[in-house]
>>> print(open('coords-v9.txt').read())   # compact mmCIF, C-alpha atoms
# COMPACT_ATOMS: atom_id res chain seq x y z
CA MET A 84 -147.13 -136.33 114.77
CA PRO A 85 -146.13 -132.67 115.12
CA SER A 86 -146.73 -130.40 112.17
CA SER A 87 -143.02 -129.47 111.86
CA GLN A 88 -139.68 -129.99 113.57
CA PRO A 89 -139.55 -127.76 116.64
CA ASP A 90 -136.66 -125.66 117.86
CA VAL A 91 -137.42 -126.86 121.40
CA LEU A 92 -139.40 -129.89 122.52
CA ILE A 93 -140.69 -129.69 126.10
CA VAL A 94 -141.60 -132.92 127.87
CA GLY A 95 -144.27 -132.24 130.49
CA ALA A 96 -147.15 -129.76 130.48
CA GLY A 97 -147.47 -129.14 134.18
CA VAL A 98 -147.16 -125.55 135.32
CA VAL A 99 -143.35 -125.58 134.92
CA GLY A 100 -143.36 -127.04 131.41
CA ALA A 101 -146.23 -124.80 130.32
CA ALA A 102 -144.47 -121.72 131.70
CA CYS A 103 -141.31 -122.71 129.78
CA ALA A 104 -143.40 -123.05 126.61
CA LEU A 105 -144.80 -119.55 126.98
CA ALA A 106 -141.44 -117.98 127.82
CA LEU A 107 -139.83 -119.57 124.76
CA ALA A 108 -142.76 -118.79 122.46
CA ARG A 109 -142.45 -115.15 123.48
CA GLU A 110 -138.84 -115.32 122.24
CA GLY A 111 -140.06 -116.45 118.81
CA VAL A 112 -138.88 -120.03 119.36
CA ARG A 113 -140.83 -122.84 117.67
CA VAL A 114 -142.03 -124.96 120.60
CA LEU A 115 -143.62 -128.38 120.87
CA VAL A 116 -144.95 -129.42 124.30
CA ILE A 117 -146.03 -133.01 124.95
CA ASP A 118 -147.66 -134.56 127.99
CA ALA A 119 -148.58 -138.15 128.74
CA ASP A 120 -151.91 -137.02 130.16
CA PHE A 121 -153.17 -133.44 129.99
CA VAL A 122 -152.05 -129.87 130.55
CA GLY A 123 -151.97 -129.00 134.25
CA GLY A 124 -152.11 -132.60 135.47
CA GLY A 125 -149.68 -134.54 137.65
CA SER A 126 -148.12 -132.69 140.58
CA THR A 127 -149.65 -129.42 139.35
CA ALA A 128 -153.18 -130.75 139.71
CA ALA A 129 -152.47 -131.98 143.25
CA ALA A 130 -150.81 -128.79 144.54
CA MET A 131 -152.08 -126.08 146.91
CA GLY A 132 -151.16 -123.10 144.74
CA HIS A 133 -149.35 -120.99 147.34
CA LEU A 134 -147.19 -118.27 145.74
CA VAL A 135 -144.75 -117.79 148.58
CA VAL A 136 -141.29 -116.38 149.22
CA MET A 137 -139.24 -119.02 151.05
CA ASP A 138 -135.90 -118.43 152.72
CA ASP A 139 -134.43 -121.77 153.71
CA SER A 140 -131.37 -120.75 151.68
CA GLU A 141 -130.21 -117.71 149.76
CA ALA A 142 -130.74 -119.55 146.48
CA GLU A 143 -134.29 -120.50 147.44
CA LEU A 144 -135.05 -116.92 148.46
CA GLN A 145 -133.67 -115.51 145.22
CA LEU A 146 -135.72 -117.86 143.02
CA THR A 147 -138.98 -117.60 144.96
CA ALA A 148 -138.78 -113.82 145.32
CA TYR A 149 -138.02 -113.34 141.62
CA SER A 150 -140.77 -115.76 140.65
CA ARG A 151 -143.34 -114.11 142.89
CA GLN A 152 -142.48 -110.81 141.23
CA LEU A 153 -143.17 -112.39 137.82
CA TRP A 154 -146.51 -113.74 139.06
CA ALA A 155 -147.41 -110.23 140.26
CA GLU A 156 -146.64 -108.86 136.79
CA LEU A 157 -148.92 -111.51 135.30
CA SER A 158 -151.76 -110.87 137.71
CA GLU A 159 -153.71 -108.46 135.50
CA GLU A 160 -153.78 -110.87 132.57
CA LEU A 161 -154.64 -114.10 134.41
CA PRO A 162 -158.24 -115.18 133.73
CA PRO A 163 -160.75 -115.49 136.60
CA GLU A 164 -160.52 -119.28 136.66
CA CYS A 165 -156.93 -118.96 137.93
CA GLU A 166 -158.43 -117.60 141.19
CA ASP A 167 -155.40 -115.37 141.72
CA GLU A 168 -155.79 -113.68 145.11
CA ARG A 169 -153.36 -111.66 147.22
CA ARG A 170 -154.03 -113.40 150.53
CA GLY A 171 -150.69 -113.00 152.25
CA THR A 172 -149.02 -115.59 154.47
CA LEU A 173 -148.97 -115.84 158.25
CA TRP A 174 -145.99 -117.77 159.65
CA VAL A 175 -147.29 -118.63 163.10
CA ALA A 176 -145.14 -119.04 166.22
CA SER A 177 -146.62 -121.40 168.80
CA GLU A 178 -144.32 -120.51 171.67
CA PRO A 179 -142.53 -117.31 172.77
CA GLU A 180 -139.19 -118.98 171.98
CA GLU A 181 -140.16 -119.14 168.32
CA MET A 182 -140.51 -115.37 168.09
CA ASP A 183 -136.74 -115.07 167.70
CA ALA A 184 -137.10 -117.01 164.45
CA VAL A 185 -139.97 -114.73 163.42
CA HIS A 186 -137.81 -111.63 163.87
CA GLU A 187 -134.87 -113.23 162.05
CA LYS A 188 -137.13 -114.19 159.17
CA ARG A 189 -138.47 -110.65 158.93
CA GLU A 190 -134.95 -109.21 158.84
CA ARG A 191 -133.97 -111.53 155.98
CA TYR A 192 -137.08 -110.61 154.02
CA VAL A 193 -136.67 -106.88 154.53
CA ARG A 194 -133.01 -107.06 153.44
CA HIS A 195 -134.25 -108.52 150.15
CA GLY A 196 -137.04 -105.99 149.69
CA ILE A 197 -139.84 -108.34 150.77
CA ALA A 198 -142.58 -106.66 152.79
CA ALA A 199 -143.07 -108.37 156.16
CA GLU A 200 -144.32 -107.38 159.61
CA VAL A 201 -144.16 -109.02 163.02
CA LEU A 202 -147.48 -109.55 164.81
CA ASP A 203 -147.69 -110.09 168.55
CA GLU A 204 -150.28 -112.38 170.16
CA ARG A 205 -152.97 -109.70 170.21
CA ALA A 206 -152.43 -108.51 166.62
CA LEU A 207 -152.47 -112.11 165.40
CA ALA A 208 -155.78 -112.78 167.17
CA GLU A 209 -157.27 -109.66 165.60
CA MET A 210 -156.15 -110.68 162.11
CA GLU A 211 -157.24 -114.34 162.41
CA PRO A 212 -159.75 -114.58 165.28
CA HIS A 213 -160.46 -118.29 164.73
CA LEU A 214 -156.90 -119.35 165.55
CA ARG A 215 -156.52 -120.80 169.04
CA ARG A 216 -155.67 -118.37 171.77
CA GLY A 217 -152.20 -118.32 173.28
CA LEU A 218 -150.17 -118.39 170.09
CA ALA A 219 -147.08 -116.23 170.54
CA GLY A 220 -147.35 -114.25 167.33
CA ALA A 221 -146.55 -114.47 163.64
CA LEU A 222 -144.78 -113.01 160.66
CA HIS A 223 -147.21 -111.50 158.15
CA VAL A 224 -146.00 -111.47 154.53
CA PRO A 225 -148.78 -109.51 152.80
CA ASP A 226 -147.79 -109.92 149.15
CA ASP A 227 -147.86 -113.73 148.98
CA CYS A 228 -150.73 -115.03 146.87
CA VAL A 229 -152.95 -118.03 146.23
CA LEU A 230 -154.09 -119.36 142.85
CA TYR A 231 -155.53 -122.47 141.21
CA PRO A 232 -152.54 -124.24 139.60
CA PRO A 233 -154.20 -126.32 136.84
CA ALA A 234 -155.91 -123.24 135.44
CA ALA A 235 -152.63 -121.31 135.51
CA ALA A 236 -150.89 -124.11 133.59
CA ARG A 237 -153.69 -124.16 131.02
CA TYR A 238 -153.42 -120.38 130.65
CA PHE A 239 -149.67 -120.60 129.99
CA ALA A 240 -150.24 -123.35 127.41
CA GLU A 241 -153.06 -121.46 125.67
CA ARG A 242 -151.01 -118.26 125.45
CA ALA A 243 -148.08 -120.27 124.09
CA ARG A 244 -150.41 -121.76 121.44
CA GLU A 245 -151.51 -118.26 120.43
CA LEU A 246 -147.84 -117.44 119.84
CA GLY A 247 -147.33 -120.50 117.64
CA ALA A 248 -146.45 -123.28 120.06
CA GLU A 249 -147.88 -126.76 119.50
CA VAL A 250 -149.27 -128.57 122.56
CA ARG A 251 -150.00 -132.29 122.31
CA GLU A 252 -151.70 -134.22 125.11
CA GLN A 253 -151.89 -138.01 125.55
CA CYS A 254 -148.35 -138.25 124.17
CA MET A 255 -145.85 -140.17 126.28
CA ALA A 256 -142.13 -139.51 126.00
CA GLU A 257 -140.68 -143.02 126.03
CA SER A 258 -137.03 -141.97 125.82
CA VAL A 259 -134.79 -138.98 125.21
CA ASP A 260 -131.63 -139.46 123.18
CA SER A 261 -129.86 -136.12 123.00
CA ARG A 262 -132.11 -134.01 120.79
CA THR A 263 -134.46 -136.83 119.78
CA VAL A 264 -137.53 -137.99 121.71
CA ARG A 265 -139.35 -141.26 121.14
CA ILE A 266 -143.08 -140.61 121.55
CA SER A 267 -146.00 -142.99 121.90
CA GLU A 268 -149.53 -141.66 121.58
CA ARG A 269 -152.39 -142.99 123.66
CA ALA A 270 -154.09 -143.89 120.37
CA GLY A 271 -151.23 -146.26 119.53
CA ALA A 272 -148.92 -144.38 117.14
CA GLU A 273 -145.16 -144.30 117.85
CA TYR A 274 -142.58 -142.01 116.24
CA LEU A 275 -139.38 -140.03 116.78
CA VAL A 276 -139.23 -136.25 116.95
CA SER A 277 -135.93 -134.37 116.68
CA ALA A 278 -135.55 -130.83 117.95
CA GLY A 279 -132.86 -128.23 118.40
CA ALA A 280 -133.11 -128.80 122.17
CA VAL A 281 -135.16 -130.86 124.60
CA VAL A 282 -136.40 -129.53 127.95
CA ASN A 283 -137.17 -132.28 130.44
CA ALA A 284 -139.95 -130.87 132.65
CA ALA A 285 -141.46 -134.24 133.49
CA GLY A 286 -141.54 -133.86 137.29
CA ILE A 287 -141.16 -137.15 139.12
CA ASP A 288 -140.75 -138.91 135.76
CA ALA A 289 -137.77 -136.78 134.76
CA PRO A 290 -135.15 -139.37 135.91
CA ARG A 291 -136.73 -142.03 133.70
CA LEU A 292 -135.92 -139.91 130.68
CA THR A 293 -132.62 -138.51 131.95
CA PRO A 294 -130.82 -141.10 134.08
CA GLY A 295 -128.65 -139.52 136.74
CA LEU A 296 -131.11 -136.86 137.85
CA GLN A 297 -131.37 -136.84 141.64
CA ILE A 298 -135.15 -136.66 141.96
CA ILE A 299 -137.43 -138.85 144.06
CA PRO A 300 -141.22 -138.65 144.54
CA ARG A 301 -142.27 -137.26 147.91
CA LYS A 302 -145.90 -138.01 148.68
CA GLY A 303 -148.27 -135.45 150.14
CA GLN A 304 -151.92 -135.55 151.18
CA LEU A 305 -154.45 -132.75 151.03
CA LEU A 306 -158.08 -132.32 151.93
CA ILE A 307 -160.58 -129.65 151.04
CA THR A 308 -163.66 -128.63 152.99
CA ASP A 309 -167.09 -127.47 152.03
CA ARG A 310 -167.60 -123.69 151.79
CA TYR A 311 -166.91 -121.72 154.97
CA PRO A 312 -166.13 -118.17 153.85
CA GLY A 313 -164.50 -116.01 156.49
CA LEU A 314 -163.06 -118.81 158.60
CA CYS A 315 -159.59 -117.54 157.72
CA GLY A 316 -158.31 -114.81 155.45
CA CYS A 317 -154.60 -115.60 155.01
CA GLN A 318 -152.66 -118.67 154.11
CA ILE A 319 -151.63 -119.76 157.61
CA VAL A 320 -148.54 -121.89 158.14
CA GLU A 321 -146.75 -122.92 161.30
CA LEU A 322 -143.07 -122.06 161.53
CA GLY A 323 -142.33 -125.77 161.99
CA TYR A 324 -143.40 -126.28 158.37
CA LEU A 325 -139.97 -125.08 157.29
CA HIS A 326 -138.28 -128.00 159.03
CA SER A 327 -140.87 -130.42 157.63
CA ALA A 328 -140.47 -129.11 154.10
CA HIS A 329 -136.70 -129.19 153.98
CA THR A 330 -135.83 -132.38 155.85
CA LEU A 331 -135.91 -135.53 153.76
CA GLY A 332 -136.33 -137.85 156.74
CA GLY A 333 -139.44 -139.91 157.53
CA ALA A 334 -143.11 -138.94 157.37
CA SER A 335 -143.94 -135.50 158.76
CA VAL A 336 -146.95 -133.24 159.12
CA ALA A 337 -147.32 -129.52 159.69
CA PHE A 338 -150.20 -127.06 159.93
CA ASN A 339 -150.93 -125.34 156.63
CA VAL A 340 -154.38 -124.02 155.70
CA GLN A 341 -155.32 -122.06 152.60
CA PRO A 342 -158.55 -120.12 151.98
CA ARG A 343 -159.85 -120.57 148.45
CA ALA A 344 -161.83 -118.14 146.30
CA THR A 345 -164.76 -120.57 146.53
CA GLY A 346 -164.95 -120.17 150.33
CA GLN A 347 -163.47 -123.63 150.81
CA LEU A 348 -160.40 -124.38 152.91
CA LEU A 349 -157.50 -126.45 151.62
CA ILE A 350 -155.69 -128.23 154.45
CA GLY A 351 -152.16 -129.66 154.50
CA SER A 352 -149.47 -130.53 154.90
CA SER A 353 -147.82 -133.94 154.93
CA ARG A 354 -144.64 -135.36 153.46
CA GLN A 355 -143.52 -138.95 153.22
CA LEU A 356 -141.39 -141.21 151.07
CA ALA A 357 -143.69 -143.96 149.81
CA GLY A 358 -142.41 -144.73 146.35
CA ARG A 359 -145.32 -144.19 143.97
CA ASP A 360 -148.01 -145.55 146.25
CA GLY A 361 -150.77 -142.98 145.83
CA ALA A 362 -153.15 -144.51 148.39
CA ILE A 363 -154.49 -142.37 151.23
CA ASP A 364 -152.49 -143.06 154.40
CA ASP A 365 -155.06 -142.84 157.21
CA VAL A 366 -152.40 -142.57 159.93
CA VAL A 367 -150.63 -139.62 158.30
CA LEU A 368 -153.95 -138.02 157.31
CA GLY A 369 -155.22 -138.30 160.88
CA ALA A 370 -152.06 -136.70 162.24
CA MET A 371 -152.38 -133.89 159.70
CA VAL A 372 -156.00 -133.19 160.64
CA ARG A 373 -155.21 -133.22 164.37
CA ARG A 374 -152.38 -130.79 163.75
CA ALA A 375 -154.64 -128.49 161.78
CA THR A 376 -157.47 -128.48 164.33
CA SER A 377 -155.01 -127.82 167.14
CA PHE A 378 -154.21 -124.48 165.51
CA LEU A 379 -157.64 -123.72 164.02
CA PRO A 380 -160.20 -125.47 166.26
CA ALA A 381 -163.17 -124.45 164.10
CA LEU A 382 -161.94 -126.86 161.42
CA ALA A 383 -163.22 -129.73 163.56
CA ARG A 384 -166.78 -128.65 162.68
CA CYS A 385 -166.11 -128.40 158.93
CA ASP A 386 -167.26 -131.02 156.43
CA VAL A 387 -164.56 -132.46 154.17
CA VAL A 388 -165.61 -132.98 150.54
CA ARG A 389 -162.45 -134.51 149.09
CA VAL A 390 -159.09 -136.03 150.07
CA TRP A 391 -156.29 -136.75 147.59
CA THR A 392 -152.58 -137.41 147.26
CA GLY A 393 -149.85 -136.09 145.00
CA PHE A 394 -146.12 -136.45 144.52
CA ARG A 395 -143.58 -133.67 144.85
CA PRO A 396 -140.37 -134.15 142.80
CA ALA A 397 -137.77 -133.75 145.56
CA THR A 398 -133.99 -133.33 145.42
CA PRO A 399 -131.49 -134.06 148.21
CA ASP A 400 -130.59 -130.40 148.79
CA GLY A 401 -134.10 -128.98 148.38
CA LEU A 402 -133.32 -126.88 145.31
CA PRO A 403 -134.69 -127.51 141.80
CA LEU A 404 -132.71 -128.67 138.79
CA ILE A 405 -132.75 -125.90 136.19
CA GLY A 406 -130.44 -125.64 133.21
CA ARG A 407 -128.33 -127.56 130.75
CA TRP A 408 -127.68 -131.27 131.41
CA HIS A 409 -124.06 -131.48 130.33
CA ALA A 410 -124.04 -135.28 130.31
CA GLU A 411 -126.30 -135.29 127.26
CA PRO A 412 -125.96 -132.71 124.46
CA GLY A 413 -129.07 -130.72 123.68
CA VAL A 414 -130.92 -131.52 126.91
CA TRP A 415 -132.06 -128.99 129.50
CA ILE A 416 -133.74 -129.82 132.82
CA ALA A 417 -136.61 -127.98 134.54
CA ALA A 418 -137.63 -130.33 137.34
CA GLY A 419 -137.13 -131.21 141.02
CA HIS A 420 -139.04 -128.25 142.46
CA GLU A 421 -140.53 -130.25 145.37
CA GLY A 422 -143.34 -128.15 146.90
CA LEU A 423 -142.36 -124.89 145.19
CA GLY A 424 -143.05 -125.72 141.55
CA ILE A 425 -146.11 -123.49 141.38
CA THR A 426 -144.30 -120.51 142.89
CA THR A 427 -141.12 -120.92 140.87
CA ALA A 428 -142.59 -121.86 137.48
CA PRO A 429 -142.18 -118.40 135.87
CA GLY A 430 -138.68 -117.93 137.33
CA THR A 431 -137.65 -121.36 136.09
CA ALA A 432 -139.05 -120.56 132.65
CA ALA A 433 -137.13 -117.28 132.53
CA LEU A 434 -133.87 -119.06 133.36
CA ILE A 435 -134.46 -121.78 130.76
CA ALA A 436 -135.44 -119.29 128.06
CA ALA A 437 -132.48 -117.01 128.75
CA ASP A 438 -130.04 -119.92 128.50
CA LEU A 439 -131.56 -121.32 125.32
CA VAL A 440 -131.59 -117.98 123.47
CA GLY A 441 -128.18 -116.92 124.78
CA ARG A 442 -129.26 -114.02 126.96
CA ALA A 443 -127.89 -113.10 130.40
CA PRO A 444 -129.86 -114.88 133.16
CA PRO A 445 -132.17 -112.77 135.35
CA ILE A 446 -130.69 -114.30 138.53
CA ASP A 447 -127.60 -116.41 139.20
CA PRO A 448 -128.40 -119.89 137.79
CA ALA A 449 -125.45 -121.69 139.39
CA PRO A 450 -127.25 -122.97 142.55
CA TYR A 451 -129.80 -124.81 140.39
CA ASP A 452 -127.30 -126.50 138.03
CA PRO A 453 -128.70 -130.02 137.44
CA GLY A 454 -125.20 -131.50 137.62
CA ARG A 455 -124.19 -129.93 140.93
CA PRO A 456 -122.88 -132.28 143.64
CA MET A 457 -125.53 -133.14 146.21
CA ARG A 458 -125.33 -135.23 149.34
CA PRO A 459 -128.34 -136.68 151.19
CA PRO A 460 -128.67 -135.67 154.86
CA SER A 461 -127.16 -137.89 157.53
CA ASP A 462 -130.61 -139.31 158.42
CA ALA A 463 -131.42 -140.13 154.79
CA THR A 464 -133.45 -143.25 154.06
CA PRO A 465 -132.37 -145.94 151.58
CA GLU A 466 -134.70 -144.34 149.01
CA GLU A 467 -132.87 -141.02 149.37
CA HIS A 468 -129.48 -142.63 148.97
CA ALA A 469 -130.81 -144.46 145.92
CA CYS A 470 -131.83 -141.07 144.51
CA ARG A 471 -128.20 -139.96 144.69
CA ALA A 472 -126.98 -143.19 143.15
CA THR A 473 -129.27 -143.10 140.10
>>> encode(input="coords-v9.txt", output="structure tokens")
Amino acid sequence: MPSSQPDVLIVGAGVVGAACALALAREGVRVLVIDADFVGGGSTAAAMGHLVVMDDSEAELQLTAYSRQLWAELSEELPPECEDERRGTLWVASEPEEMDAVHEKRERYVRHGIAAEVLDERALAEMEPHLRRGLAGALHVPDDCVLYPPAAARYFAERARELGAEVREQCMAESVDSRTVRISERAGAEYLVSAGAVVNAAGIDAPRLTPGLQIIPRKGQLLITDRYPGLCGCQIVELGYLHSAHTLGGASVAFNVQPRATGQLLIGSSRQLAGRDGAIDDVVLGAMVRRATSFLPALARCDVVRVWTGFRPATPDGLPLIGRWHAEPGVWIAAGHEGLGITTAPGTAALIAADLVGRAPPIDPAPYDPGRPMRPPSDATPEEHACRAT
């Protein structure tokens, strides 16, 4: 059992929950964080770790840009195991027609103070010579970064501990009833803990604890190669990734490759609705690999050392759920970040902390209100409609 009654109990010690713990501990709040497994597990452990500004909507741009700024401020204090590197992102256009989208994207970024430059075919080939020839160009966003998410989550949790927070692993939240959480430990003990407030940061499990949350698991597959330093320098993503990431339809793949500090290459990206079936899908994996090698042919000669799956907590409108859950007194939500939980963890934590201590929010929190009305797209699957009905 915890040593004392906390002011705030956080359920989930992934990168979002751990970031919330640190932000609240810095405010002098007594924090208890529990996780059914371990700090930095779940979706955090399965993620790529791309710190990226995304602009599918104004709300997404505001949260990702603010969060990337917070990551930059943290950069000097992150330990080496976080592998924090300023790699930049290349948004690649396959055809000349896509260059209009590249220029539009640059204009949006520049209006919001985000550094970005347009590369033509020749400049792109000079920057990433292993990409296939004939690509039309790209948008280069130099300040995007790459890090190792589990280590970042552990760092947040450790710093929170140093400031007085209590972090308990192997502790499952069985239910949340307003400000009281029923907890079962892996060792067998069961007990209730009451707190001044509860933050549900349980990722894909958040709806189990807070019925009515519109979150469904969206499966992704990743593979990592052996060490091939110099094969690419930036995180490289095809422009079509944006459509793949923000459409909740059937299975999709898009080219997304990330160079790691180890010299390895992390290759994505796939999205599919498969319930909680974590098995490798050979058909989707094959399509993902073919897509990747079509952009970066040298990948076909690389040895793969590991393949795995993970689940992104997705919402119908593609925005996370951050803030007070008005249907249940004393409950706040920090979940539903889909593929942007790593990027937006510090921004989410800042919003949660500001609300809980009664301070003005750093950005407008309204678009992320957990109780906002959301409608699945017209091509939504039965699973997506069920998400809205829960």
>>> residues_around(input="coords-v9.txt", residues="Arg262 (chain A)", least_positions_apart="6", cutoff="10 Å", atoms="all atoms listed in the file", output="PyMOL selection string")
chain A and resi 90-92+276-282+411-414
>>> write_last_selection(input="coords-v9.txt", atoms="C-alpha atoms", output="mmCIF file, in the coordinates of the input")
data_model
loop_
_atom_site.group_PDB
_atom_site.id
_atom_site.type_symbol
_atom_site.label_atom_id
_atom_site.label_comp_id
_atom_site.auth_asym_id
_atom_site.auth_seq_id
_atom_site.Cartn_x
_atom_site.Cartn_y
_atom_site.Cartn_z
ATOM 1 C CA ASP A 90 -136.660 -125.660 117.860
ATOM 2 C CA VAL A 91 -137.420 -126.860 121.400
ATOM 3 C CA LEU A 92 -139.400 -129.890 122.520
ATOM 4 C CA VAL A 276 -139.230 -136.250 116.950
ATOM 5 C CA SER A 277 -135.930 -134.370 116.680
ATOM 6 C CA ALA A 278 -135.550 -130.830 117.950
ATOM 7 C CA GLY A 279 -132.860 -128.230 118.400
ATOM 8 C CA ALA A 280 -133.110 -128.800 122.170
ATOM 9 C CA VAL A 281 -135.160 -130.860 124.600
ATOM 10 C CA VAL A 282 -136.400 -129.530 127.950
ATOM 11 C CA GLU A 411 -126.300 -135.290 127.260
ATOM 12 C CA PRO A 412 -125.960 -132.710 124.460
ATOM 13 C CA GLY A 413 -129.070 -130.720 123.680
ATOM 14 C CA VAL A 414 -130.920 -131.520 126.910
#
>>> closest_residue(input="coords-v9.txt", among="A:Ser267, A:Gln297, A:Thr345, A:Thr426", to="Ala130 (chain A)", atoms="all atoms listed in the file")
A:Thr426
>>> closest_atom_pairs(input="coords-v9.txt", of="region 371-435 of chain A", to="region 95-108 of chain A", cutoff="6 Å", atoms="only C-alpha atoms", output="Markdown table")
| residue | atom | partner | partner_atom | distance |
| --- | --- | --- | --- | --- |
| A:Ala428 | CA | A:Val99 | CA | 4.6 |
| A:Pro429 | CA | A:Ala102 | CA | 5.8 |
| A:Ala432 | CA | A:Cys103 | CA | 4.2 |
>>> closest_residue(input="coords-v9.txt", among="A:Pro300, A:Asp288, A:Val135, A:Leu161", to="His223 (chain A)", atoms="all atoms listed in the file")
A:Val135
>>> closest_residue(input="coords-v9.txt", among="A:Arg237, A:Arg205, A:Arg109, A:Arg170", to="Val122 (chain A)", atoms="all atoms listed in the file")
A:Arg237
>>> closest_residue(input="coords-v9.txt", among="A:Leu402, A:Ala248, A:Ala437, A:Leu423", to="Asp452 (chain A)", atoms="only C-alpha atoms")
A:Leu402
>>> residues_around(input="coords-v9.txt", residues="Met371 (chain A)", least_positions_apart="3", cutoff="7 Å", atoms="only C-alpha atoms", output="PDB file with C-alpha atoms, in the coordinates of the input")
ATOM      1  CA  VAL A 336    -146.950-133.240 159.120  1.00  0.00           C
ATOM      2  CA  ALA A 337    -147.320-129.520 159.690  1.00  0.00           C
ATOM      3  CA  GLY A 351    -152.160-129.660 154.500  1.00  0.00           C
ATOM      4  CA  SER A 352    -149.470-130.530 154.900  1.00  0.00           C
ATOM      5  CA  SER A 353    -147.820-133.940 154.930  1.00  0.00           C
ATOM      6  CA  VAL A 367    -150.630-139.620 158.300  1.00  0.00           C
ATOM      7  CA  LEU A 368    -153.950-138.020 157.310  1.00  0.00           C
ATOM      8  CA  ARG A 374    -152.380-130.790 163.750  1.00  0.00           C
ATOM      9  CA  ALA A 375    -154.640-128.490 161.780  1.00  0.00           C
TER      10      ALA A 375
END
>>> residues_around(input="coords-v9.txt", residues="region 303-317 of chain A", least_positions_apart="5", cutoff="6 Å", atoms="all atoms listed in the file", output="list in words")
Arg170, Gly171, Thr172, Gly346, Gln347, Leu348, Leu349, Ile350, Gly351, Ser353, Arg354, Asp386, Val387, Val388, Arg389, Val390, Trp391, Thr392 and Gly393 of chain A
>>> residues_around(input="coords-v9.txt", residues="region 440-451 of chain A", least_positions_apart="6", cutoff="9 Å", atoms="only C-alpha atoms", output="ChimeraX atom specification")
/A:107,110,112,142-143,145-146,149,402-406,430,433-434
>>> residues_around(input="coords-v9.txt", residues="Arg216 (chain A)", least_positions_apart="5", cutoff="9 Å", atoms="all atoms listed in the file", output="ChimeraX atom specification")
/A:204,208,378
>>> closest_residue(input="coords-v9.txt", among="A:Thr127, A:Thr398, A:Gln152, A:Ser177", to="Asp226 (chain A)", atoms="all atoms listed in the file")
A:Gln152
>>> atom_distance(input="coords-v9.txt", atom1="CA of Trp174 (chain A)", atom2="CA of Ile319 (chain A)")
6.3 Å
>>> atom_distance(input="coords-v9.txt", atom1="CA of Glu421 (chain A)", atom2="CA of Asp438 (chain A)")
22.4 Å
>>> closest_residue(input="coords-v9.txt", among="A:Pro232, A:Gly124, A:Gly111, A:Gly220", to="Glu164 (chain A)", atoms="all atoms listed in the file")
A:Pro232
